[in-house]
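> My questions will all concern the structure given below.
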Amino acid sequence: MLYQFKSKLHVLGLIGLISLSYATGVTPASASNPADPNKIVRQAFEGADDGFDMAKTQNHYSGWVADAIFEPLLGYDYLARPAKLVPKTVEAMPEVSDEGKVFIFKIIPGICFSPDEAFKGKKHELIAQDYVYSFKRILDPANRSPHASFIDGKIVGMDEVQARAKKTNKFDYDMPVAGLRAIDKYTLRIELKKTDYNFLYVVAYSGLGAVWQGK
């Protein structure tokens with residue numbers, strides 16, 4: 001499921017829906033097509049979440065739910081021994097070049113965000129630019145993201161955008177970044193300043209899942 005943070009009320013609506021589902025064990029789908037009660041798994045949270053905008057939280061329970069909401073480029077095959085990275089919204093594992101500094105991801109055409117009033121009755125297909133926006137949100141100083149350190153200082157050309165944002169108190173999401181570009185509708189190119197073969201594990205983090213920019 002892919003999602004867009006339109007406003008605080010929009011987020012709260014999602015929280016209410018999820019809270020209702022956890023409290024009752026009933027989801028919108030199961031309301032009309034009840035699941036076998038013997039196949040329902042209920043999990044109690046020992047603490048409260050603090051929202052599901054993963055650019056702004058590192059709460060354990062928020063992250064747990066977010067894993068079912070957001071779609072990062074890559075994911076994990078936990079049944080493999082050892083567990084391994086696998087494509088999630090991309091056609092295959094990325095092309096890696098320049099000694100582990102350049103990564104090319106090919107988004108699978110036809111993936112759409114979950115229907116929502118934010119889209120005004122229209123479908124929004126997942127495109128490379130959605131990931132460009134999502135990565136930038138993590139580095140927007142206004143979000144004070146607890147996950148910024150995952151990619152802060154690593155992407156070519158991003159330092160200039162961040163520096164301007166700190167001076168103007170506004171992050172320019174339209175400012176081009178050499179190391180974070182949608183080459184075409186479905187192709188994302190990320191270039192790092194230094195070799196980092198562990199970068200793909202960062203990419204698999206749900207906090208870097210796609211968020212709609214709203215354009």
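Chain lettering (A, B, ...) mirrors the order of the structure tokens, residue numbering begins at 1 for each chain separately, and ligand numbering begins at 1 in order of display.
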Find the residues near A:Tyr173: any atom within 8 Å, counting only C-alpha atoms, skip ones fewer than 2 places away on the same chain, and give them as a ChimeraX atom specification.
/A:133,136,171,175
> Under the rule of at most 9 Å, produce a per-residue listing of stretch 36-116 of chain A near stretch 206-211 of chain A: chain, number, name, the closest pair of atoms, and the distance in Å, as a Markdown table, using only C-alpha atoms.

| residue | atom | partner | partner_atom | distance |
| --- | --- | --- | --- | --- |
| A:Asp53 | CA | A:Gly207 | CA | 8.2 |
| A:Met54 | CA | A:Gly207 | CA | 4.9 |
| A:Ala55 | CA | A:Gly207 | CA | 6.3 |
| A:Thr57 | CA | A:Gly207 | CA | 8.9 |
| A:Gln58 | CA | A:Gly207 | CA | 8.9 |
| A:Gly63 | CA | A:Ser206 | CA | 7.6 |
| A:Ala66 | CA | A:Ser206 | CA | 6.8 |
| A:Asp67 | CA | A:Ser206 | CA | 5.8 |
| A:Ala68 | CA | A:Ser206 | CA | 8.9 |
| A:Ile69 | CA | A:Ser206 | CA | 8.6 |
| A:Phe70 | CA | A:Gly209 | CA | 5.0 |
| A:Glu71 | CA | A:Gly209 | CA | 4.6 |
| A:Pro72 | CA | A:Gly209 | CA | 3.8 |
| A:Leu73 | CA | A:Gly209 | CA | 7.0 |
| A:Gly75 | CA | A:Ser206 | CA | 8.6 |
> How about saving the chosen residues, N, CA and C atoms kept, as a PDB file, in the first residue's frame?

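For reference, selection28.pdb as written:
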ATOM      1  N   ASP A  53       3.913   9.202   9.787  1.00  0.00           N
ATOM      2  CA  ASP A  53       4.767   9.914   8.843  1.00  0.00           C
ATOM      3  C   ASP A  53       6.189   9.529   9.200  1.00  0.00           C
ATOM      4  N   MET A  54       6.745   8.590   8.459  1.00  0.00           N
ATOM      5  CA  MET A  54       8.028   8.012   8.829  1.00  0.00           C
ATOM      6  C   MET A  54       9.209   8.956   8.637  1.00  0.00           C
ATOM      7  N   ALA A  55       8.959  10.121   8.054  1.00  0.00           N
ATOM      8  CA  ALA A  55      10.022  11.125   7.986  1.00  0.00           C
ATOM      9  C   ALA A  55      10.174  11.821   9.329  1.00  0.00           C
ATOM     10  N   THR A  57       9.162  10.198  12.585  1.00  0.00           N
ATOM     11  CA  THR A  57       9.097   9.350  13.769  1.00  0.00           C
ATOM     12  C   THR A  57      10.037   8.160  13.661  1.00  0.00           C
ATOM     13  N   GLN A  58      10.479   7.696  14.816  1.00  0.00           N
ATOM     14  CA  GLN A  58      11.234   6.440  14.858  1.00  0.00           C
ATOM     15  C   GLN A  58      10.615   5.504  15.901  1.00  0.00           C
ATOM     16  N   GLY A  63       6.618   2.272  13.238  1.00  0.00           N
ATOM     17  CA  GLY A  63       7.367   1.596  12.184  1.00  0.00           C
ATOM     18  C   GLY A  63       6.780   0.247  11.825  1.00  0.00           C
ATOM     19  N   ALA A  66       3.858   1.006   9.721  1.00  0.00           N
ATOM     20  CA  ALA A  66       4.323   1.633   8.476  1.00  0.00           C
ATOM     21  C   ALA A  66       4.842   0.606   7.482  1.00  0.00           C
ATOM     22  N   ASP A  67       5.373  -0.486   7.982  1.00  0.00           N
ATOM     23  CA  ASP A  67       5.866  -1.543   7.088  1.00  0.00           C
ATOM     24  C   ASP A  67       4.752  -2.085   6.196  1.00  0.00           C
ATOM     25  N   ALA A  68       3.505  -1.958   6.670  1.00  0.00           N
ATOM     26  CA  ALA A  68       2.371  -2.444   5.880  1.00  0.00           C
ATOM     27  C   ALA A  68       1.748  -1.337   5.039  1.00  0.00           C
ATOM     28  N   ILE A  69       2.256  -0.124   5.190  1.00  0.00           N
ATOM     29  CA  ILE A  69       1.688   1.023   4.474  1.00  0.00           C
ATOM     30  C   ILE A  69       2.577   1.468   3.323  1.00  0.00           C
ATOM     31  N   PHE A  70       3.859   1.610   3.597  1.00  0.00           N
ATOM     32  CA  PHE A  70       4.767   2.198   2.620  1.00  0.00           C
ATOM     33  C   PHE A  70       5.545   1.143   1.841  1.00  0.00           C
ATOM     34  N   GLU A  71       5.872   1.496   0.602  1.00  0.00           N
ATOM     35  CA  GLU A  71       6.591   0.582  -0.271  1.00  0.00           C
ATOM     36  C   GLU A  71       7.956   1.162  -0.634  1.00  0.00           C
ATOM     37  N   PRO A  72       9.008   0.676  -0.011  1.00  0.00           N
ATOM     38  CA  PRO A  72      10.344   1.088  -0.442  1.00  0.00           C
ATOM     39  C   PRO A  72      10.728   0.387  -1.738  1.00  0.00           C
ATOM     40  N   LEU A  73      11.817   0.795  -2.307  1.00  0.00           N
ATOM     41  CA  LEU A  73      12.277   0.197  -3.560  1.00  0.00           C
ATOM     42  C   LEU A  73      12.608  -1.284  -3.399  1.00  0.00           C
ATOM     43  N   GLY A  75      13.032  -4.779  -0.537  1.00  0.00           N
ATOM     44  CA  GLY A  75      12.555  -5.376   0.696  1.00  0.00           C
ATOM     45  C   GLY A  75      13.433  -6.554   1.054  1.00  0.00           C
TER      46      GLY A  75
END
> Using DSSP secondary structure from the backbone, list all helix (DSSP H, G or I) positions within stretch 73-213 of chain A, as a ChimeraX atom specification.
/A:117-119,128-139,141-143,148-150,158-168,199-203,206-208
> Interatomic distance between atom CA of A:Ile151 and atom CA of A:Val203?
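Here the two named atoms are 9.3 Å from each other.
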> Determine, counting only C-alpha atoms, which protein, DNA and RNA residues have an atom within 10 Å of an atom of stretch 156-167 of chain A; residues of the same chain fewer than 4 positions away are not included. Present the result as a list in words.
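Once the nearby chain positions are removed, what remains is Lys101, Lys136, Leu139, Asp140, Pro141, Ala142, Ile151, Asp152, Phe171, Asp172, Tyr173, Asp174, Met175, Pro176, Val177, Ala178, Gly179, Leu180, Ile190, Glu191, Leu192, Lys193 and Lys194 of chain A.
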> Pick from A:Leu200, A:Leu126, A:Ala80, A:Val65: nearest to A:Phe103, with only C-alpha atoms counted?
A:Leu200
> With only C-alpha atoms as the counted atoms, please give the residues lying no more than 6 Å from stretch 105-121 of chain A, apart from itself and same-chain residues fewer than 5 positions off, as a list in words.
Met1, Leu2, Thr89, Val90, Glu91, Pro94, Leu126, Tyr186, Thr187 and Leu188 of chain A
> Find the residues around stretch 83-85 of chain A up to 9 Å (only C-alpha atoms counted), leave out those fewer than 6 positions away in its own chain, and share them as a PyMOL selection string.
chain A and resi 74-77+93+200-201+204
> If you keep C-alpha atoms, can you produce a file of those selected residues as a PDB file, in the first residue's frame?

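What ended up in result05.pdb:
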ATOM      1  CA  LEU A  74      13.639  -2.977  -2.014  1.00  0.00           C
ATOM      2  CA  GLY A  75      12.555  -5.376   0.696  1.00  0.00           C
ATOM      3  CA  TYR A  76      13.743  -8.525   2.425  1.00  0.00           C
ATOM      4  CA  ASP A  77      13.188 -12.187   1.808  1.00  0.00           C
ATOM      5  CA  MET A  93      17.896  -5.442  -8.195  1.00  0.00           C
ATOM      6  CA  LEU A 200      20.897  -0.793  -0.608  1.00  0.00           C
ATOM      7  CA  TYR A 201      20.100  -1.847   2.944  1.00  0.00           C
ATOM      8  CA  ALA A 204      15.034  -1.068   1.949  1.00  0.00           C
TER       9      ALA A 204
END
> Using the chain letters and numbers from this document, which residues of stretch 77-178 of chain A does DSSP assign to strand (DSSP E or B), as a VMD selection string?
chain A and resid 77 84 to 87 90 95 to 97 102 to 107 112 125 155 177
> Would you export the selected residues with N, CA, C and O atoms as an mmCIF file, in the first residue's frame, please?

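Generated file (part-v1.cif):
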data_model
loop_
_atom_site.group_PDB
_atom_site.id
_atom_site.type_symbol
_atom_site.label_atom_id
_atom_site.label_comp_id
_atom_site.auth_asym_id
_atom_site.auth_seq_id
_atom_site.Cartn_x
_atom_site.Cartn_y
_atom_site.Cartn_z
ATOM 1 N N ASP A 77 13.716 -10.832 1.821
ATOM 2 C CA ASP A 77 13.188 -12.187 1.808
ATOM 3 C C ASP A 77 13.649 -12.817 3.119
ATOM 4 O O ASP A 77 14.787 -13.276 3.243
ATOM 5 N N LYS A 84 17.834 -12.035 2.618
ATOM 6 C CA LYS A 84 18.482 -11.253 1.575
ATOM 7 C C LYS A 84 17.568 -10.155 1.041
ATOM 8 O O LYS A 84 16.341 -10.207 1.195
ATOM 9 N N LEU A 85 18.177 -9.159 0.426
ATOM 10 C CA LEU A 85 17.426 -8.090 -0.214
ATOM 11 C C LEU A 85 16.797 -8.599 -1.508
ATOM 12 O O LEU A 85 17.416 -9.379 -2.234
ATOM 13 N N VAL A 86 15.580 -8.133 -1.774
ATOM 14 C CA VAL A 86 14.888 -8.510 -3.006
ATOM 15 C C VAL A 86 14.172 -7.273 -3.565
ATOM 16 O O VAL A 86 13.877 -6.336 -2.841
ATOM 17 N N PRO A 87 13.884 -7.268 -4.861
ATOM 18 C CA PRO A 87 13.139 -6.155 -5.450
ATOM 19 C C PRO A 87 11.735 -6.076 -4.843
ATOM 20 O O PRO A 87 11.129 -7.104 -4.544
ATOM 21 N N VAL A 90 10.550 -2.453 -7.806
ATOM 22 C CA VAL A 90 11.423 -2.365 -8.985
ATOM 23 C C VAL A 90 11.463 -3.697 -9.708
ATOM 24 O O VAL A 90 11.180 -4.743 -9.125
ATOM 25 N N GLU A 95 21.008 -1.666 -10.942
ATOM 26 C CA GLU A 95 22.318 -1.685 -11.600
ATOM 27 C C GLU A 95 23.255 -0.826 -10.761
ATOM 28 O O GLU A 95 22.973 0.338 -10.486
ATOM 29 N N VAL A 96 24.361 -1.396 -10.342
ATOM 30 C CA VAL A 96 25.327 -0.682 -9.501
ATOM 31 C C VAL A 96 26.614 -0.484 -10.288
ATOM 32 O O VAL A 96 27.143 -1.429 -10.872
ATOM 33 N N SER A 97 27.097 0.761 -10.311
ATOM 34 C CA SER A 97 28.302 1.051 -11.085
ATOM 35 C C SER A 97 29.179 2.076 -10.361
ATOM 36 O O SER A 97 28.841 2.519 -9.260
ATOM 37 N N VAL A 102 26.956 4.644 -7.913
ATOM 38 C CA VAL A 102 25.807 4.945 -8.760
ATOM 39 C C VAL A 102 24.845 3.755 -8.779
ATOM 40 O O VAL A 102 25.259 2.612 -9.008
ATOM 41 N N PHE A 103 23.569 4.054 -8.543
ATOM 42 C CA PHE A 103 22.544 3.020 -8.470
ATOM 43 C C PHE A 103 21.383 3.407 -9.398
ATOM 44 O O PHE A 103 20.844 4.514 -9.302
ATOM 45 N N ILE A 104 20.995 2.499 -10.272
ATOM 46 C CA ILE A 104 19.892 2.726 -11.198
ATOM 47 C C ILE A 104 18.750 1.759 -10.860
ATOM 48 O O ILE A 104 18.927 0.543 -10.898
ATOM 49 N N PHE A 105 17.588 2.322 -10.540
ATOM 50 C CA PHE A 105 16.417 1.526 -10.188
ATOM 51 C C PHE A 105 15.350 1.670 -11.274
ATOM 52 O O PHE A 105 15.037 2.787 -11.697
ATOM 53 N N LYS A 106 14.764 0.568 -11.706
ATOM 54 C CA LYS A 106 13.708 0.571 -12.714
ATOM 55 C C LYS A 106 12.378 0.240 -12.027
ATOM 56 O O LYS A 106 12.130 -0.900 -11.632
ATOM 57 N N ILE A 107 11.523 1.252 -11.886
ATOM 58 C CA ILE A 107 10.237 1.055 -11.232
ATOM 59 C C ILE A 107 9.318 0.194 -12.105
ATOM 60 O O ILE A 107 9.281 0.347 -13.332
ATOM 61 N N CYS A 112 -0.027 1.391 -8.440
ATOM 62 C CA CYS A 112 -0.764 2.611 -8.097
ATOM 63 C C CYS A 112 -0.884 2.784 -6.584
ATOM 64 O O CYS A 112 -0.916 1.807 -5.826
ATOM 65 N N GLU A 125 -0.270 6.681 -10.410
ATOM 66 C CA GLU A 125 0.703 5.618 -10.604
ATOM 67 C C GLU A 125 2.020 5.965 -9.927
ATOM 68 O O GLU A 125 2.461 7.117 -9.944
ATOM 69 N N ILE A 155 24.478 11.976 -0.721
ATOM 70 C CA ILE A 155 24.004 12.131 -2.097
ATOM 71 C C ILE A 155 24.630 13.350 -2.767
ATOM 72 O O ILE A 155 24.612 14.458 -2.215
ATOM 73 N N VAL A 177 18.777 17.983 -8.062
ATOM 74 C CA VAL A 177 19.882 17.396 -7.300
ATOM 75 C C VAL A 177 20.576 16.396 -8.218
ATOM 76 O O VAL A 177 19.953 15.428 -8.662
#
> Using only C-alpha atoms, which of A:Lys122, A:Asp130, A:Lys88, A:Ile138 sits nearest A:Ala182?
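Closest candidate: A:Asp130.
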